[in-house]
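This report refers to the structure that appears directly beneath it.
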2 protein chains.
Amino acid sequence: MNQIDGDKVFKGFGEIGKPVDLVVVAVPASFVPDVVKDAAENGAKAAVVVSGGFSETGNDRLENALRQIVQTSNLRILGPNTVGIMDFYTGVDTFFIREFKTSLNGGSLKNMAYPKPGAVALVSQSGALATYFIDAFAERNGGIRAVACVGNQVDVKAEELVSFFVEDELTKVLAVYVEGVADGRSFLNHVLRARKLGKQVVVLKAGRSKTTEKAAYTHTASMVGEWDVFVGAFRQAGAVVVESVKELVDVAYAASLTNFPQGRRLLVLTNAGGFSVSSSDLAELNGLELLQFPEDVIEGLVSLRSSGKIPPIVVPNNPLDLSGSATPESFEASYGLLSGLGDIHLLMPLHTPPAMNESVVEKLVKKAKAVHKTVLVCCPGSSEYAALFRRLFSENDVPVFRDLEDALRVAGLLAKTITPQRDGFPHVRSAAAGSAKPMSRSALISLLRENCLEPVDEIIVFRESEALKAAREIGFPVVMKLASEKVAHKSDVGGVVLNLSEESQVVEAFRRLMNLAAKLGVEGDGLVVQETFKGLELIVGGKNDRVFGPVVTVGLGGFFTEALRDTVSLVAPAQPHEVKTMLQYLKHKQLLYGFRNIPPADIDTIAKAVTNLSNIIIKNPTITTIEINPLTISHKKAKAVDFRATLTTNT
Amino acid sequence: MNQIDGDKVFKGFGEIGKPVDLVVVAVPASFVPDVVKDAAENGAKAAVVVSGGFSETGNDRLENALRQIVQTSNLRILGPNTVGIMDFYTGVDTFFIREFKTSLNGGSLKNMAYPKPGAVALVSQSGALATYFIDAFAERNGGIRAVACVGNQVDVKAEELVSFFVEDELTKVLAVYVEGVADGRSFLNHVLRARKLGKQVVVLKAGRSKTTEKAAYTHTASMVGEWDVFVGAFRQAGAVVVESVKELVDVAYAASLTNFPQGRRLLVLTNAGGFSVSSSDLAELNGLELLQFPEDVIEGLVSLRSSGKIPPIVVPNNPLDLSGSATPESFEASYGLLSGLGDIHLLMPLHTPPAMNESVVEKLVKKAKAVHKTVLVCCPGSSEYAALFRRLFSENDVPVFRDLEDALRVAGLLAKTITPQRDGFPHVRSAAAGSAKPMSRSALISLLRENCLEPVDEIIVFRESEALKAAREIGFPVVMKLASEKVAHKSDVGGVVLNLSEESQVVEAFRRLMNLAAKLGVEGDGLVVQETFKGLELIVGGKNDRVFGPVVTVGLGGFFTEALRDTVSLVAPAQPHEVKTMLQYLKHKQLLYGFRNIPPADIDTIAKAVTNLSNIIIKNPTITTIEINPLTISHKKAKAVDFRATLTTNT
């Protein structure tokens, strides 16, 4: 029997004499199928295939060979092209990363730090990201349950691993890095299940930059990319969706140690003036609101100041800057007074001033644990004393950050997280593939009405006298436009006339539009005389997503549609509270609160309209796309001004 | 004679027997004036007043007492309310931060790390920020020239310190944190001078969040806040303006070690797939462009792959992922082939895989130094081996980051920095204060014409026959609107009619608008018949800023004005190349490249128009505000569609 470094070497699995639990395969790709086959035939239960050189480099043939072994045996395969798994409780570790590495001058250096066993599980489609994640947790003294990297997913998928960790008792927070998912709704239901069990889920999706290659055209179906739908769907299921690896670490770490906030009112307590100003700027950037101290609290602070418990130069404002002469006792006294306020507390005791020492940690931790708030600490600096502050906070299970920017970005993300109120995302039938034809206007109007989506009053006319009669019936001022479904951007060709406030103008407009219709060959479709309804113009649409099935999209419409391309998406059917939170992710959400002569839009009204549209697409699987643009919101009313839908021809 | 810890103690400065160079005053505020006065009377040259409790807490009386001593003696004062200065060449250090601190369990811990002497000077209005800055530089092995904190600036101002460091031979990069500046143009001229001397300037301005309290009204004068003008002006002068303390450190550090890029084409070289995908997403977020490999380079990579110099699974794309099996030699070979490409190189050799070792540093550094590109390195991780990689890069003066996000944010900021081509910002006379009256339309039209800002053709009419004649002369379709300067938002009251393409429509519109004018009591001002000119609508305006004098603002106008509030500002007179770079800072700059039926706007045309407007406000100091909105851009033409100006009544 051969040996390497004292370990026995076998020529094949048959020679071992009993089935093995786990095979780690790290031979060149072309030898992998034979090795795996031998393992399977000799009763091995699982294999981690580390080797690369399969579908990721175009070698689909080799990957299919592995797939076939899986299908014809009881062996489960993780990979190929993966570093595999690391379990911080059992110590199982298939990573090819060595803990120590010998530097060129001969010294042995720590190559990878191992965090303590903890509550965060990571499922990752990248080994390098996983390594970074582990390292970052070790540095901040956070605990990890286990890490699993999926590679090319020839057998075990990210989804199955997520499902495992959702049910796993040791896991409290799930961090997920994926480049794509296969069955969207099934994945979302794992997230929901986690949230129902009181666990948090943090997700990073790669490939955002691909969405810049959006089609130039304007309708929901082509405007909303894969990334947008993914992000919307996961947020809707209650996950925190992040935009970088660092955020994945930051949020997973914080989520494992503190409550999620009930709102976005922030309290900041520090002994550093510059950071106090910065925190106020960064709070705004991250959508947080600095709470105002109530009168009695201000009086309390003034009396702390008079009695010398906080320095005499403290001004009782939020952020509360206790100044460089603050002592641990100043922090204790003031946080005692303030800890019941707001939703999120940012504590930032700078370690450097002479009056400060690490006893501040115990004093703050005690109060932080007594309140049900989101408490985040920031202790910047890389000195030993700064590290001591951070270690003490983290040992007491209070999340602590080195950088203010990171702490406030995390706070902003947590504050916008949805608490799901649903049992699951139903698996619904998507529209059958096939070519699509436009739905008739009258059928669409009925459908919208049945679903409480009121179109503006309108009458289709073919003669001048009908136009006049219609205008009188609807009430001036009216809008007139081409009725034909065949003209997509009617206003671009001069096919829409607004503000017709007199009969003579209606006559005039009728003649002009009929001439235009004749030129475009659509005079047979007539014209529409329509009620004038002004307000905030939204786009609301539904489509069938390849991964998530029917989804609904809402955003800034009308003139803004192509200019801003600012929409959010949800899986249908959506619930009003989900829509309301998702609206907070619109980049231009301030427009909802009114601008110029547009009054503030009622958020409940928007949420109801989006919910209703999402129901339409769920209940009518023959609809392939539907869009209202603009859906105009004025105070508590929503009216569908223009709309279109397509039906599959293939049911 | 009394002693403390073996040091002599004097009862007053007279007792010392000779003038002292520098006094550090750290007694309670109320005793400060007496101490400082005694020092001044005994010939002391300078004092750093550390004590707080002056104007920052409302005690202006005490601060005035100090001011008076300055005015009546030769003593210069830094402070009060400052930690003072730290000079890393001479060792002068007035900070009250101790290098070591005794922890509660008795051990002595490093409380503050001291970086090596280097090329970066910091002028800061916050001591805590300065401490963070010093600490962060020590951690990443960057060098600092000196740090000076200004406190309440009773005598020595930030500007004077900046001016000192600009001329200082040891300083190559100036980092500045200010909450406000007194004389804007004089400060900008220091920045220009620094840039002319080949130095870089990085600025953080506090108080961004204040700008959210912008007035609800729409004109340039009220829409553009203090922060916006500051940021625009400093960028125009060639400074990098950052948004957080961390960015201040990151950019100053990178600027001290690498060239500024000539463009925004990015090359990424790594051995980690996940980071490769992330870098592509982050490049887009930061306005960078991943360069495409030319054919010959792709062929070169393929042949490196065939010859085994890079791993067989490498796909020749940018980002170039050499995979976990890449060796230092793979990096050397591929960077040798790629190092001539693009403007910015991001090198990201992950230390963890077994095939990697620190010899990669020397190989990459050698090539990086041979090309005149912006080279940034990212080595994530907190292990000793990761730290070794970072240390080696930094010892070789190649800037290295722990986090990909930070490296790419820095790259994005550097790529948008202006290289000034001017000698100075002239000190010009601002409009005298006093009430303002509207400038007459005809005078304004002449003024615009004289400055190559062509208004759309228009004729003022009072009768129906004049309107018809005007429309024929200008050419159909025409626009008609109220002429009165007294109606600010004409379209809101129905005072604008577009697309009049026939005589009958002109007659109709004339009657309607004259009725409206009568109702508003402005019929005496008549109506305007105007050429129809469609394109991208900008707002371009000028005003007198309290700090920077005449400034010009450009941004998205027309319907977008209040909805997006997306503008950038420059000090007048502005130069075309400055305007062009500043346009890159518009949040919705993609709108300049066309959308829907709006063609791409010619950037040179915009730059010229903004320059011309900035000349108007410089040459006409009686103008208090001027605004063109919209200035409509269609291909290479700009036309002023609506405009207004006010004149001071007090010259």
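Here, A, B, ... name the chains of the structure tokens in the order displayed, residue numbers run from 1 inside each chain, and ligands are numbered from 1 in the same displayed order.
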
Can you check which parts of chain A lie within 7 Å of chain B? Per residue, the shortest pair of atoms and distance in Å to one decimal, counting only C-alpha atoms, sorted by chain and number, as JSON lines.
{"residue": "A:Gly53", "atom": "CA", "partner": "B:Ile313", "partner_atom": "CA", "distance": 5.9}
{"residue": "A:Thr57", "atom": "CA", "partner": "B:Ile313", "partner_atom": "CA", "distance": 5.8}
{"residue": "A:Ile97", "atom": "CA", "partner": "B:Pro353", "partner_atom": "CA", "distance": 5.7}
{"residue": "A:Leu109", "atom": "CA", "partner": "B:Tyr385", "partner_atom": "CA", "distance": 5.6}
{"residue": "A:Lys110", "atom": "CA", "partner": "B:Glu384", "partner_atom": "CA", "distance": 5.0}
{"residue": "A:Asn111", "atom": "CA", "partner": "B:Tyr385", "partner_atom": "CA", "distance": 4.9}
{"residue": "A:Met112", "atom": "CA", "partner": "B:Ser383", "partner_atom": "CA", "distance": 5.4}
{"residue": "A:Ala113", "atom": "CA", "partner": "B:Ser383", "partner_atom": "CA", "distance": 5.8}
{"residue": "A:Ser126", "atom": "CA", "partner": "B:Gly274", "partner_atom": "CA", "distance": 5.0}
{"residue": "A:Ala128", "atom": "CA", "partner": "B:Ala272", "partner_atom": "CA", "distance": 5.5}
{"residue": "A:Leu129", "atom": "CA", "partner": "B:Gly274", "partner_atom": "CA", "distance": 5.8}
{"residue": "A:Tyr132", "atom": "CA", "partner": "B:Gly381", "partner_atom": "CA", "distance": 6.0}
{"residue": "A:Asp135", "atom": "CA", "partner": "B:Gly381", "partner_atom": "CA", "distance": 5.9}
{"residue": "A:Ala136", "atom": "CA", "partner": "B:Gly381", "partner_atom": "CA", "distance": 6.6}
{"residue": "A:Glu139", "atom": "CA", "partner": "B:Ser382", "partner_atom": "CA", "distance": 6.4}
{"residue": "A:Ala206", "atom": "CA", "partner": "B:Val277", "partner_atom": "CA", "distance": 6.6}
{"residue": "A:Gly207", "atom": "CA", "partner": "B:Asp281", "partner_atom": "CA", "distance": 6.5}
{"residue": "A:Arg208", "atom": "CA", "partner": "B:Asp281", "partner_atom": "CA", "distance": 5.7}
{"residue": "A:Ser209", "atom": "CA", "partner": "B:Asp281", "partner_atom": "CA", "distance": 4.8}
{"residue": "A:Ala272", "atom": "CA", "partner": "B:Ala128", "partner_atom": "CA", "distance": 5.5}
{"residue": "A:Gly273", "atom": "CA", "partner": "B:Ser126", "partner_atom": "CA", "distance": 6.6}
{"residue": "A:Gly274", "atom": "CA", "partner": "B:Ser126", "partner_atom": "CA", "distance": 5.0}
{"residue": "A:Phe275", "atom": "CA", "partner": "B:Leu129", "partner_atom": "CA", "distance": 6.9}
{"residue": "A:Val277", "atom": "CA", "partner": "B:Ala206", "partner_atom": "CA", "distance": 6.6}
{"residue": "A:Ser278", "atom": "CA", "partner": "B:Ala206", "partner_atom": "CA", "distance": 6.7}
{"residue": "A:Ser280", "atom": "CA", "partner": "B:Ser209", "partner_atom": "CA", "distance": 6.8}
{"residue": "A:Asp281", "atom": "CA", "partner": "B:Ser209", "partner_atom": "CA", "distance": 4.8}
{"residue": "A:Glu284", "atom": "CA", "partner": "B:Ser209", "partner_atom": "CA", "distance": 6.3}
{"residue": "A:Ile313", "atom": "CA", "partner": "B:Thr57", "partner_atom": "CA", "distance": 5.8}
{"residue": "A:Thr352", "atom": "CA", "partner": "B:Ile97", "partner_atom": "CA", "distance": 5.9}
{"residue": "A:Pro353", "atom": "CA", "partner": "B:Ile97", "partner_atom": "CA", "distance": 5.7}
{"residue": "A:Pro354", "atom": "CA", "partner": "B:Ile97", "partner_atom": "CA", "distance": 6.5}
{"residue": "A:Pro380", "atom": "CA", "partner": "B:Tyr132", "partner_atom": "CA", "distance": 6.8}
{"residue": "A:Gly381", "atom": "CA", "partner": "B:Asp135", "partner_atom": "CA", "distance": 5.8}
{"residue": "A:Ser382", "atom": "CA", "partner": "B:Asp135", "partner_atom": "CA", "distance": 6.3}
{"residue": "A:Ser383", "atom": "CA", "partner": "B:Met112", "partner_atom": "CA", "distance": 5.4}
{"residue": "A:Glu384", "atom": "CA", "partner": "B:Lys110", "partner_atom": "CA", "distance": 5.0}
{"residue": "A:Tyr385", "atom": "CA", "partner": "B:Asn111", "partner_atom": "CA", "distance": 4.9}
{"residue": "A:Ala386", "atom": "CA", "partner": "B:Asn111", "partner_atom": "CA", "distance": 6.9}
{"residue": "A:Glu562", "atom": "CA", "partner": "B:Arg596", "partner_atom": "CA", "distance": 6.4}
{"residue": "A:Ala563", "atom": "CA", "partner": "B:Phe595", "partner_atom": "CA", "distance": 6.1}
{"residue": "A:Leu591", "atom": "CA", "partner": "B:Ala563", "partner_atom": "CA", "distance": 6.4}
{"residue": "A:Phe595", "atom": "CA", "partner": "B:Ala563", "partner_atom": "CA", "distance": 6.1}
{"residue": "A:Arg596", "atom": "CA", "partner": "B:Glu562", "partner_atom": "CA", "distance": 6.3}

Fill in: Coordinates-based distance that separates atom CA of A:Thr374 from atom CA of A:Gly142 (Å, one decimal)
17.2 Å

Practice prompt. Excluding A:Leu197 and residues on its chain fewer than 5 positions from it, collect all residues at most 9 Å away from it, counting only C-alpha atoms, and give them as an MDAnalysis selection string.
Written response: chainID A and resid 166:167 172 192

Worksheet item: For the atom pair atom CA of A:Val410 and atom CA of A:Val251, what is the interatomic distance in Å to one decimal place?
Response: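 Straight-line distance from atom CA of A:Val410 to atom CA of A:Val251 works out to 5.8 Å.
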
Discussion item. Using DSSP secondary structure from the backbone, list all strand (DSSP E) positions within stretch 20-230 of chain B, as a PyMOL selection string.
Written reply: chain B and resi 22-25+46-49+76-78+85-87+100-102+108-110+116-124+143-149+173-178+200-205

Worksheet item: Counting only C-alpha atoms, what is within 8 Å of B:Val173, bar same-chain residues fewer than 5 positions away, as a PyMOL selection string?
Response: chain B and resi 119-121+199-202+252+255-256

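Nearest-residue note for B:Leu392: choosing from B:Thr567, B:Asn141, B:Val371, B:Ser339, the minimum distance belongs to B:Asn141, counting only C-alpha atoms.
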
Practice prompt. Go through stretch 380-512 of chain A and collect every residue that DSSP, computed from the backbone, puts in alpha helix (DSSP H); the answer should be as a PyMOL selection string.
Written response: chain A and resi 384-395+404-415+441-450+464-474+503-512

Worksheet item: Which is closest to A:Val241 among A:Thr625, A:Asn620, A:Thr417, A:Thr82, if we use only C-alpha atoms?
Response: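 Smallest separation from A:Val241 among the options: A:Thr417.
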
Worksheet entry | Using only C-alpha atoms: which of A:Gly79, A:Ala645, A:Lys18, A:Gly232 has the shortest distance to A:Val154 |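 Of A:Gly79, A:Ala645, A:Lys18, A:Gly232, the one nearest A:Val154 is A:Gly79, counting only C-alpha atoms.
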
Worksheet item: What's the 10 Å shell around B:Val23, counting only C-alpha atoms, without same-chain residues fewer than 2 positions away, as a list in words?
Response: Phe13, Val20, Asp21, Val25, Ala26, Val35, Val36, Ala39, Ala40, Ala44, Lys45, Ala46, Ala47, Val48, Val49, Ile77 and Thr94 of chain B
